[in-house]
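Data from work35.pdb: PDB, C-alpha atoms, pLDDT in the B column
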```pdb
ATOM      1  CA  MET A  35       0.549 -18.115 -13.129  1.00 50.00           C
ATOM      2  CA  ASN A  36      -1.007 -21.187 -11.529  1.00 43.00           C
ATOM      3  CA  SER A  37       2.002 -23.405 -10.860  1.00 51.00           C
ATOM      4  CA  GLU A  38       4.142 -23.066  -7.756  1.00 59.00           C
ATOM      5  CA  VAL A  39       6.422 -20.053  -8.170  1.00 68.00           C
ATOM      6  CA  SER A  40       8.764 -18.562  -5.561  1.00 78.00           C
ATOM      7  CA  LYS A  41       8.145 -15.145  -4.015  1.00 82.00           C
ATOM      8  CA  SER A  42      11.379 -13.862  -5.550  1.00 84.00           C
ATOM      9  CA  LYS A  43      10.225 -14.957  -9.027  1.00 87.00           C
ATOM     10  CA  LEU A  44       6.816 -13.332  -8.475  1.00 88.00           C
ATOM     11  CA  ARG A  45       8.526 -10.117  -7.316  1.00 90.00           C
ATOM     12  CA  SER A  46      10.555 -10.062 -10.504  1.00 91.00           C
ATOM     13  CA  VAL A  47       7.563 -10.806 -12.762  1.00 92.00           C
ATOM     14  CA  PHE A  48       5.275  -8.174 -11.231  1.00 93.00           C
ATOM     15  CA  LEU A  49       7.966  -5.489 -11.046  1.00 94.00           C
ATOM     16  CA  GLY A  50       8.744  -6.161 -14.704  1.00 95.00           C
ATOM     17  CA  LYS A  51       5.058  -5.864 -15.647  1.00 95.00           C
ATOM     18  CA  ARG A  52       4.792  -2.531 -13.797  1.00 96.00           C
ATOM     19  CA  LEU A  53       7.924  -1.140 -15.430  1.00 96.00           C
ATOM     20  CA  GLU A  54       6.556  -2.071 -18.879  1.00 97.00           C
ATOM     21  CA  LEU A  55       3.499   0.188 -18.434  1.00 96.00           C
ATOM     22  CA  SER A  56       3.606   3.364 -20.493  1.00 96.00           C
ATOM     23  CA  GLN A  57       3.292   6.603 -18.537  1.00 96.00           C
ATOM     24  CA  GLY A  58      -0.201   7.142 -19.937  1.00 97.00           C
ATOM     25  CA  ARG A  59      -1.348   3.633 -19.036  1.00 97.00           C
ATOM     26  CA  HIS A  60       0.201   3.962 -15.560  1.00 97.00           C
ATOM     27  CA  GLU A  61      -1.760   7.189 -14.977  1.00 97.00           C
ATOM     28  CA  GLU A  62      -4.984   5.649 -16.310  1.00 98.00           C
ATOM     29  CA  LEU A  63      -4.718   2.559 -14.090  1.00 98.00           C
ATOM     30  CA  SER A  64      -3.799   4.645 -11.020  1.00 97.00           C
ATOM     31  CA  PHE A  65      -6.886   6.791 -11.693  1.00 97.00           C
ATOM     32  CA  ASP A  66      -9.104   3.687 -11.986  1.00 98.00           C
ATOM     33  CA  ILE A  67      -7.773   2.347  -8.676  1.00 98.00           C
ATOM     34  CA  ALA A  68      -8.360   5.674  -6.919  1.00 98.00           C
ATOM     35  CA  ASN A  69     -11.942   5.822  -8.231  1.00 97.00           C
ATOM     36  CA  LEU A  70     -12.675   2.317  -6.961  1.00 98.00           C
ATOM     37  CA  CYS A  71     -11.297   3.289  -3.537  1.00 98.00           C
ATOM     38  CA  LEU A  72     -14.325   5.582  -3.225  1.00 97.00           C
ATOM     39  CA  LYS A  73     -16.465   2.412  -2.993  1.00 97.00           C
ATOM     40  CA  LEU A  74     -14.516   0.938  -0.063  1.00 98.00           C
ATOM     41  CA  PRO A  75     -16.313   0.927   3.337  1.00 97.00           C
ATOM     42  CA  ILE A  76     -13.668   3.173   4.891  1.00 97.00           C
ATOM     43  CA  TRP A  77     -14.916   6.725   4.669  1.00 97.00           C
ATOM     44  CA  ASN A  78     -16.251   6.940   8.250  1.00 97.00           C
ATOM     45  CA  PHE A  79     -12.749   6.387   9.641  1.00 98.00           C
ATOM     46  CA  GLU A  80     -10.364   9.182  10.577  1.00 98.00           C
ATOM     47  CA  TYR A  81      -6.719   8.002  10.495  1.00 98.00           C
ATOM     48  CA  PHE A  82      -5.390   6.775   7.131  1.00 98.00           C
ATOM     49  CA  HIS A  83      -1.862   5.506   6.462  1.00 98.00           C
ATOM     50  CA  LEU A  84      -0.783   6.091   2.854  1.00 98.00           C
ATOM     51  CA  PHE A  85       2.486   5.338   1.093  1.00 97.00           C
ATOM     52  CA  LEU A  86       3.937   7.751  -1.429  1.00 97.00           C
ATOM     53  CA  PRO A  87       5.021   5.961  -4.629  1.00 96.00           C
ATOM     54  CA  ILE A  88       8.556   4.964  -5.526  1.00 94.00           C
ATOM     55  CA  LYS A  89       8.769   6.262  -9.092  1.00 93.00           C
ATOM     56  CA  SER A  90      11.700   4.001 -10.090  1.00 93.00           C
ATOM     57  CA  LYS A  91       9.552   0.961  -9.197  1.00 94.00           C
ATOM     58  CA  ALA A  92       6.483   2.308 -11.062  1.00 95.00           C
ATOM     59  CA  GLU A  93       4.315   2.095  -7.942  1.00 96.00           C
ATOM     60  CA  ILE A  94       0.701   3.206  -8.147  1.00 97.00           C
ATOM     61  CA  ASP A  95       0.333   6.980  -8.092  1.00 97.00           C
ATOM     62  CA  THR A  96      -1.342   7.537  -4.718  1.00 97.00           C
ATOM     63  CA  SER A  97      -1.628  11.324  -5.144  1.00 96.00           C
ATOM     64  CA  LEU A  98      -5.276  10.944  -6.216  1.00 96.00           C
ATOM     65  CA  ILE A  99      -6.085   8.948  -3.073  1.00 98.00           C
ATOM     66  CA  LEU A 100      -4.240  11.570  -1.017  1.00 97.00           C
ATOM     67  CA  THR A 101      -6.345  14.311  -2.597  1.00 97.00           C
ATOM     68  CA  MET A 102      -9.544  12.393  -1.796  1.00 97.00           C
ATOM     69  CA  LEU A 103      -8.485  11.889   1.822  1.00 97.00           C
ATOM     70  CA  GLN A 104      -7.546  15.540   2.281  1.00 96.00           C
ATOM     71  CA  GLY A 105     -10.779  16.653   0.603  1.00 95.00           C
ATOM     72  CA  ARG A 106     -12.698  14.680   3.226  1.00 96.00           C
ATOM     73  CA  ASP A 107     -10.638  16.163   6.098  1.00 96.00           C
ATOM     74  CA  LYS A 108      -9.054  12.822   7.028  1.00 97.00           C
ATOM     75  CA  GLN A 109      -5.855  12.557   9.055  1.00 98.00           C
ATOM     76  CA  VAL A 110      -3.190  11.212   6.679  1.00 98.00           C
ATOM     77  CA  ILE A 111      -0.117   9.457   8.036  1.00 98.00           C
ATOM     78  CA  ILE A 112       2.932   8.892   5.808  1.00 97.00           C
ATOM     79  CA  PRO A 113       5.632   6.278   6.550  1.00 97.00           C
ATOM     80  CA  LYS A 114       9.308   7.102   7.038  1.00 96.00           C
ATOM     81  CA  VAL A 115      12.009   4.414   6.971  1.00 93.00           C
ATOM     82  CA  ILE A 116      14.134   4.283  10.118  1.00 91.00           C
ATOM     83  CA  GLY A 117      16.603   1.395  10.008  1.00 87.00           C
ATOM     84  CA  LYS A 118      14.515  -1.753   9.477  1.00 84.00           C
ATOM     85  CA  ASN A 119      11.270  -0.183  10.667  1.00 89.00           C
ATOM     86  CA  LEU A 120       8.812   2.533   9.750  1.00 94.00           C
ATOM     87  CA  GLU A 121       7.897   5.668  11.649  1.00 95.00           C
ATOM     88  CA  HIS A 122       4.459   7.096  10.999  1.00 97.00           C
ATOM     89  CA  ILE A 123       4.230  10.851  10.554  1.00 97.00           C
ATOM     90  CA  LEU A 124       1.108  12.997  10.346  1.00 97.00           C
ATOM     91  CA  LEU A 125       0.961  14.897   7.065  1.00 97.00           C
ATOM     92  CA  THR A 126       0.397  18.606   7.669  1.00 95.00           C
ATOM     93  CA  ASP A 127       0.700  21.744   5.541  1.00 92.00           C
ATOM     94  CA  SER A 128       4.251  22.200   6.856  1.00 93.00           C
ATOM     95  CA  THR A 129       5.445  18.619   6.210  1.00 95.00           C
ATOM     96  CA  LYS A 130       8.470  18.540   3.909  1.00 95.00           C
ATOM     97  CA  ILE A 131       8.742  15.435   1.723  1.00 96.00           C
ATOM     98  CA  ARG A 132      12.194  14.225   0.673  1.00 95.00           C
ATOM     99  CA  VAL A 133      13.246  11.188  -1.354  1.00 95.00           C
ATOM    100  CA  ASN A 134      15.446   8.830   0.689  1.00 92.00           C
ATOM    101  CA  SER A 135      18.405   6.783  -0.614  1.00 89.00           C
ATOM    102  CA  TRP A 136      16.031   3.974  -1.702  1.00 86.00           C
ATOM    103  CA  GLY A 137      13.939   6.366  -3.781  1.00 90.00           C
ATOM    104  CA  ILE A 138      11.080   6.433  -1.259  1.00 92.00           C
ATOM    105  CA  PRO A 139       9.360   9.816  -0.795  1.00 96.00           C
ATOM    106  CA  GLU A 140       8.941  10.347   2.944  1.00 95.00           C
ATOM    107  CA  PRO A 141       8.434  13.115   5.506  1.00 96.00           C
ATOM    108  CA  ASP A 142      11.612  14.826   6.678  1.00 92.00           C
ATOM    109  CA  LYS A 143      10.229  15.083  10.212  1.00 91.00           C
ATOM    110  CA  GLY A 144       6.925  15.727  11.927  1.00 93.00           C
ATOM    111  CA  ILE A 145       4.364  14.552  14.444  1.00 95.00           C
ATOM    112  CA  LEU A 146       4.738  10.835  15.178  1.00 96.00           C
ATOM    113  CA  ILE A 147       1.521   8.792  15.274  1.00 97.00           C
ATOM    114  CA  ASP A 148       1.229   5.539  17.243  1.00 97.00           C
ATOM    115  CA  PRO A 149       0.260   2.669  14.895  1.00 97.00           C
ATOM    116  CA  LYS A 150      -2.580   1.774  17.292  1.00 97.00           C
ATOM    117  CA  HIS A 151      -4.367   5.004  16.254  1.00 97.00           C
ATOM    118  CA  ILE A 152      -4.450   4.124  12.553  1.00 98.00           C
ATOM    119  CA  ASP A 153      -7.774   2.912  11.138  1.00 98.00           C
ATOM    120  CA  VAL A 154      -6.921   2.176   7.481  1.00 98.00           C
ATOM    121  CA  ILE A 155      -3.607   1.279   5.841  1.00 98.00           C
ATOM    122  CA  PHE A 156      -3.006   1.410   2.095  1.00 98.00           C
ATOM    123  CA  ILE A 157      -0.241  -1.127   1.472  1.00 96.00           C
ATOM    124  CA  PRO A 158       2.209  -1.093  -1.434  1.00 93.00           C
ATOM    125  CA  LEU A 159       2.737  -4.526  -2.936  1.00 92.00           C
ATOM    126  CA  LEU A 160       4.107  -6.265  -5.971  1.00 92.00           C
ATOM    127  CA  GLY A 161       1.598  -9.118  -6.043  1.00 91.00           C
ATOM    128  CA  TYR A 162      -1.067 -10.914  -4.012  1.00 94.00           C
ATOM    129  CA  ASP A 163      -3.125 -14.076  -4.137  1.00 93.00           C
ATOM    130  CA  LYS A 164      -6.815 -14.935  -4.096  1.00 94.00           C
ATOM    131  CA  ILE A 165      -6.935 -15.204  -0.289  1.00 94.00           C
ATOM    132  CA  GLY A 166      -5.142 -11.935   0.488  1.00 95.00           C
ATOM    133  CA  ASN A 167      -1.537 -12.998   0.972  1.00 93.00           C
ATOM    134  CA  ARG A 168       0.750 -10.310  -0.365  1.00 92.00           C
ATOM    135  CA  ILE A 169       4.217  -9.981  -1.808  1.00 90.00           C
ATOM    136  CA  GLY A 170       6.172  -6.838  -1.073  1.00 86.00           C
ATOM    137  CA  TYR A 171       9.830  -6.116  -1.677  1.00 84.00           C
ATOM    138  CA  GLY A 172      10.883  -8.625   0.985  1.00 77.00           C
ATOM    139  CA  LYS A 173      12.315  -6.206   3.538  1.00 78.00           C
ATOM    140  CA  GLY A 174       9.565  -6.816   6.135  1.00 81.00           C
ATOM    141  CA  PHE A 175       8.764  -3.134   6.770  1.00 88.00           C
ATOM    142  CA  TYR A 176       4.999  -3.613   6.583  1.00 91.00           C
ATOM    143  CA  ASP A 177       4.983  -6.923   8.482  1.00 87.00           C
ATOM    144  CA  ASN A 178       6.903  -5.234  11.319  1.00 89.00           C
ATOM    145  CA  PHE A 179       4.488  -2.294  11.200  1.00 94.00           C
ATOM    146  CA  LEU A 180       1.239  -4.298  11.004  1.00 94.00           C
ATOM    147  CA  VAL A 181       1.963  -6.364  14.135  1.00 93.00           C
ATOM    148  CA  ASN A 182       1.915  -3.101  16.113  1.00 94.00           C
ATOM    149  CA  CYS A 183      -1.484  -1.974  14.801  1.00 96.00           C
ATOM    150  CA  LYS A 184      -4.847  -2.639  16.412  1.00 96.00           C
ATOM    151  CA  PRO A 185      -6.357  -5.965  15.291  1.00 94.00           C
ATOM    152  CA  GLU A 186      -9.271  -4.322  13.459  1.00 96.00           C
ATOM    153  CA  VAL A 187      -7.123  -2.019  11.298  1.00 97.00           C
ATOM    154  CA  LEU A 188      -8.174  -2.334   7.638  1.00 98.00           C
ATOM    155  CA  LYS A 189      -5.333  -3.413   5.375  1.00 98.00           C
ATOM    156  CA  ILE A 190      -5.887  -2.452   1.730  1.00 98.00           C
ATOM    157  CA  GLY A 191      -3.495  -3.484  -1.012  1.00 97.00           C
ATOM    158  CA  LEU A 192      -3.263  -1.520  -4.250  1.00 98.00           C
ATOM    159  CA  SER A 193      -2.250  -3.373  -7.407  1.00 97.00           C
ATOM    160  CA  PHE A 194      -2.294  -2.829 -11.147  1.00 97.00           C
ATOM    161  CA  PHE A 195      -2.877  -6.557 -11.620  1.00 96.00           C
ATOM    162  CA  LYS A 196      -5.209  -9.431 -10.764  1.00 95.00           C
ATOM    163  CA  PRO A 197      -4.203 -11.901  -8.029  1.00 94.00           C
ATOM    164  CA  VAL A 198      -2.231 -15.079  -8.590  1.00 92.00           C
ATOM    165  CA  ASP A 199      -3.975 -18.286  -7.501  1.00 91.00           C
ATOM    166  CA  LYS A 200      -1.767 -18.961  -4.497  1.00 89.00           C
ATOM    167  CA  ILE A 201       1.437 -17.701  -2.893  1.00 87.00           C
ATOM    168  CA  PHE A 202       3.231 -20.765  -1.579  1.00 82.00           C
ATOM    169  CA  GLU A 203       5.890 -19.209   0.657  1.00 78.00           C
ATOM    170  CA  VAL A 204       3.593 -17.740   3.320  1.00 80.00           C
ATOM    171  CA  HIS A 205       5.143 -17.436   6.776  1.00 78.00           C
ATOM    172  CA  ALA A 206       3.442 -17.193  10.165  1.00 75.00           C
ATOM    173  CA  ASN A 207       4.379 -13.490  10.486  1.00 75.00           C
ATOM    174  CA  ASP A 208       2.946 -12.597   7.038  1.00 81.00           C
ATOM    175  CA  ILE A 209      -0.199 -10.549   7.643  1.00 89.00           C
ATOM    176  CA  PRO A 210      -2.832 -10.847   4.888  1.00 93.00           C
ATOM    177  CA  LEU A 211      -4.879  -8.061   3.333  1.00 97.00           C
ATOM    178  CA  ASP A 212      -8.521  -7.296   4.105  1.00 97.00           C
ATOM    179  CA  TYR A 213      -9.063  -5.831   0.627  1.00 98.00           C
ATOM    180  CA  CYS A 214      -7.140  -5.325  -2.582  1.00 98.00           C
ATOM    181  CA  VAL A 215      -8.068  -2.770  -5.205  1.00 98.00           C
ATOM    182  CA  ASN A 216      -6.973  -3.327  -8.788  1.00 97.00           C
ATOM    183  CA  PRO A 217      -8.136  -1.240 -11.776  1.00 97.00           C
ATOM    184  CA  GLU A 218     -11.144  -3.517 -12.387  1.00 97.00           C
ATOM    185  CA  GLU A 219     -12.410  -4.497  -8.943  1.00 97.00           C
ATOM    186  CA  ILE A 220     -12.293  -4.441  -5.179  1.00 98.00           C
ATOM    187  CA  ILE A 221     -11.557  -7.864  -3.715  1.00 98.00           C
ATOM    188  CA  ASN A 222     -12.796  -8.432  -0.160  1.00 98.00           C
ATOM    189  CA  PHE A 223     -10.837 -11.182   1.603  1.00 96.00           C
ATOM    190  CA  SER A 224     -12.864 -11.293   4.837  1.00 86.00           C
TER     191      SER A 224
END
```
Please express what this file holds, its structure, as structure tokens.
Amino acid sequence: MNSEVSKSKLRSVFLGKRLELSQGRHEELSFDIANLCLKLPIWNFEYFHLFLPIKSKAEIDTSLILTMLQGRDKQVIIPKVIGKNLEHILLTDSTKIRVNSWGIPEPDKGILIDPKHIDVIFIPLLGYDKIGNRIGYGKGFYDNFLVNCKPEVLKIGLSFFKPVDKIFEVHANDIPLDYCVNPEEIINFS
């Protein structure tokens, strides 16, 4: 995909590619991504923001990453959709997870964490390019969230696929990734 393609077309292409994955292949690729995450320079940090996958959109299974974080006694924060924004809730043993009307698993309630405390954010995305620009679902949840984080927060995309050459519809408020992990490699954009 080298020619100029709109974000909406890229969203459609990458969502289609994800939905075509068999369950076995989806699990295998999610496992490969989780294993590569062990090589990221993030394990000295404490506060990790992790999305839970939307099954109907075949998002990467982040349960393996969650298990790794919990096994290393990291503080895990899970997003909750509130209107057009996200709240950030500390995952504890008593946190109840419910699926919202958009199919997003999220905490029912819990301890709110200020985005400025978060060290590492795993970001769901549909696609990304070779310089770290990302394509999400177009609702702006993560852009609105990332502007409220500390400047040095590490932004890590997770994708089943390689990057496209260039995303052409990049706006001033689009915040690029620091890293993206796909099943074959970690790409460092800094």
Tell me, as a PDB file with C-alpha atoms, in the frame of the given file, which residues lie within 6 Å of Pro113 of chain A, counting only C-alpha atoms; anything in the same chain fewer than 6 positions away does not count.
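Wrote it out as result.pdb, contents follow:
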```pdb
ATOM      1  CA  LEU A 120       8.812   2.533   9.750  1.00 94.00           C
ATOM      2  CA  GLU A 121       7.897   5.668  11.649  1.00 95.00           C
ATOM      3  CA  HIS A 122       4.459   7.096  10.999  1.00 97.00           C
TER       4      HIS A 122
END
```
Just need the box for segment 53-66 of chain A, edges along x, y and z, holding every atom the file lists for it with 3 Å tacked onto each side, so centre and edge lengths in Å to one decimal, as lines of an AutoDock Vina configuration file.
```
center_x = -0.6
center_y = 2.6
center_z = -15.8
size_x = 23.0
size_y = 15.3
size_z = 15.5
```
- Might you pull out every residue within 9 Å of Asp142 of chain A, with only C-alpha atoms counted and same-chain residues fewer than 2 positions away left off, and present them as a VMD selection string? chain A and resid 114 129 to 133 140 144
- Please write as a list in words the full residue list that the PyMOL selection byres ((chain A and resi 98) around 9) yields on this file.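 Listing what the PyMOL selection byres ((chain A and resi 98) around 9) selects in the shown file: Ser64, Phe65, Ala68, Asn69, Asp95, Thr96, Ser97, Ile99, Leu100, Thr101, Met102 and Leu103 of chain A.
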- Message: One number please: atom CA of Cys71 of chain A to atom CA of Lys143 of chain A, in Å, one decimal.
- Response: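 Between atom CA of Cys71 of chain A and atom CA of Lys143 of chain A the gap works out to 28.1 Å.
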- Task: Just say which residues the PyMOL selection byres ((chain A and resi 160-175) around 10) picks in this file, as a VMD selection string.
- Result: chain A and resid 41 to 42 44 to 52 91 93 113 115 to 120 157 to 159 176 to 180 189 to 205 207 to 214 221 to 224
- Can you tell me, as a list in words, what residues are no more than 9 Å from Ile76 of chain A when counting all atoms listed in the file, ignoring any on the same chain fewer than 4 positions away?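 The residues satisfying every condition are Cys71, Leu72, Glu80, Asp153, Val154 and Leu188 of chain A.
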Just-selected residues, C-alpha atoms written as a tab-separated table (two decimals), in the coordinates of the input:
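Saved file out_11.tsv follows:
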```
chain	number	residue	atom	x	y	z
A	71	CYS	CA	-11.30	3.29	-3.54
A	72	LEU	CA	-14.32	5.58	-3.22
A	80	GLU	CA	-10.36	9.18	10.58
A	153	ASP	CA	-7.77	2.91	11.14
A	154	VAL	CA	-6.92	2.18	7.48
A	188	LEU	CA	-8.17	-2.33	7.64
```
- Near Ser90 of chain A, within 9 Å and counting all atoms listed in the file, which residues show up once chain neighbours fewer than 2 positions away are dropped, as a list in words?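 Near neighbours after the sequence-gap exclusion: Leu53, Pro87, Ile88, Ala92, Glu93 and Gly137 of chain A.
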- Task: Please provide the set of residues having any atom within 6 Å of Leu124 of chain A, restricted to all atoms listed in the file, with same-chain residues fewer than 4 positions apart removed, written as number ranges by chain.
- Result: A: 110-111, 145
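Note that the spacing between atom CA of Ile112 of chain A and atom CA of Leu86 of chain A amounts to 7.4 Å.
For the set A:Ser40, A:Glu218, A:Leu146, A:Trp77, the residue with the smallest atom-to-atom gap to Gly105 of chain A is A:Trp77, counting all atoms listed in the file.
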- Message: Could you check the closest approach to Ala206 of chain A for each of A:Gln109, A:Val181, A:Leu84, A:Pro75 and tell me which residue wins, using only C-alpha atoms?
- Response: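 Of the candidates, the smallest distance to Ala206 of chain A is held by A:Val181.
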- Item | Among listed residues A:Pro217, A:Pro185, A:Pro149, A:Pro139, nearest Leu63 of chain A (using all atoms listed in the file) |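 Of all the options, A:Pro217 lies closest to Leu63 of chain A.
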- Message: So, with all atoms listed in the file as the atoms that count, which of A:Asn134, A:Gln57, A:Asn182, A:Asn216 lies closest to Ile152 of chain A?
- Response: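 Smallest separation from Ile152 of chain A among the options: A:Asn182.
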- Could you jot down the atom CA of Pro141 of chain A to atom CA of Phe82 of chain A separation for me, Å, one decimal place? 15.3 Å
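With only C-alpha atoms as the atoms that count, the minimum distance from Lys108 of chain A to the choices A:Val215, A:Cys183, A:Ile138, A:Leu125 is reached by A:Leu125.
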- Message: Between A:Asp107, A:Ser56, A:Ile220, A:Phe156, which residue has the minimum interatomic distance to Leu70 of chain A, considering all atoms listed in the file?
- Response: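 Going through A:Asp107, A:Ser56, A:Ile220, A:Phe156 one by one, the smallest distance to Leu70 of chain A is for A:Ile220.
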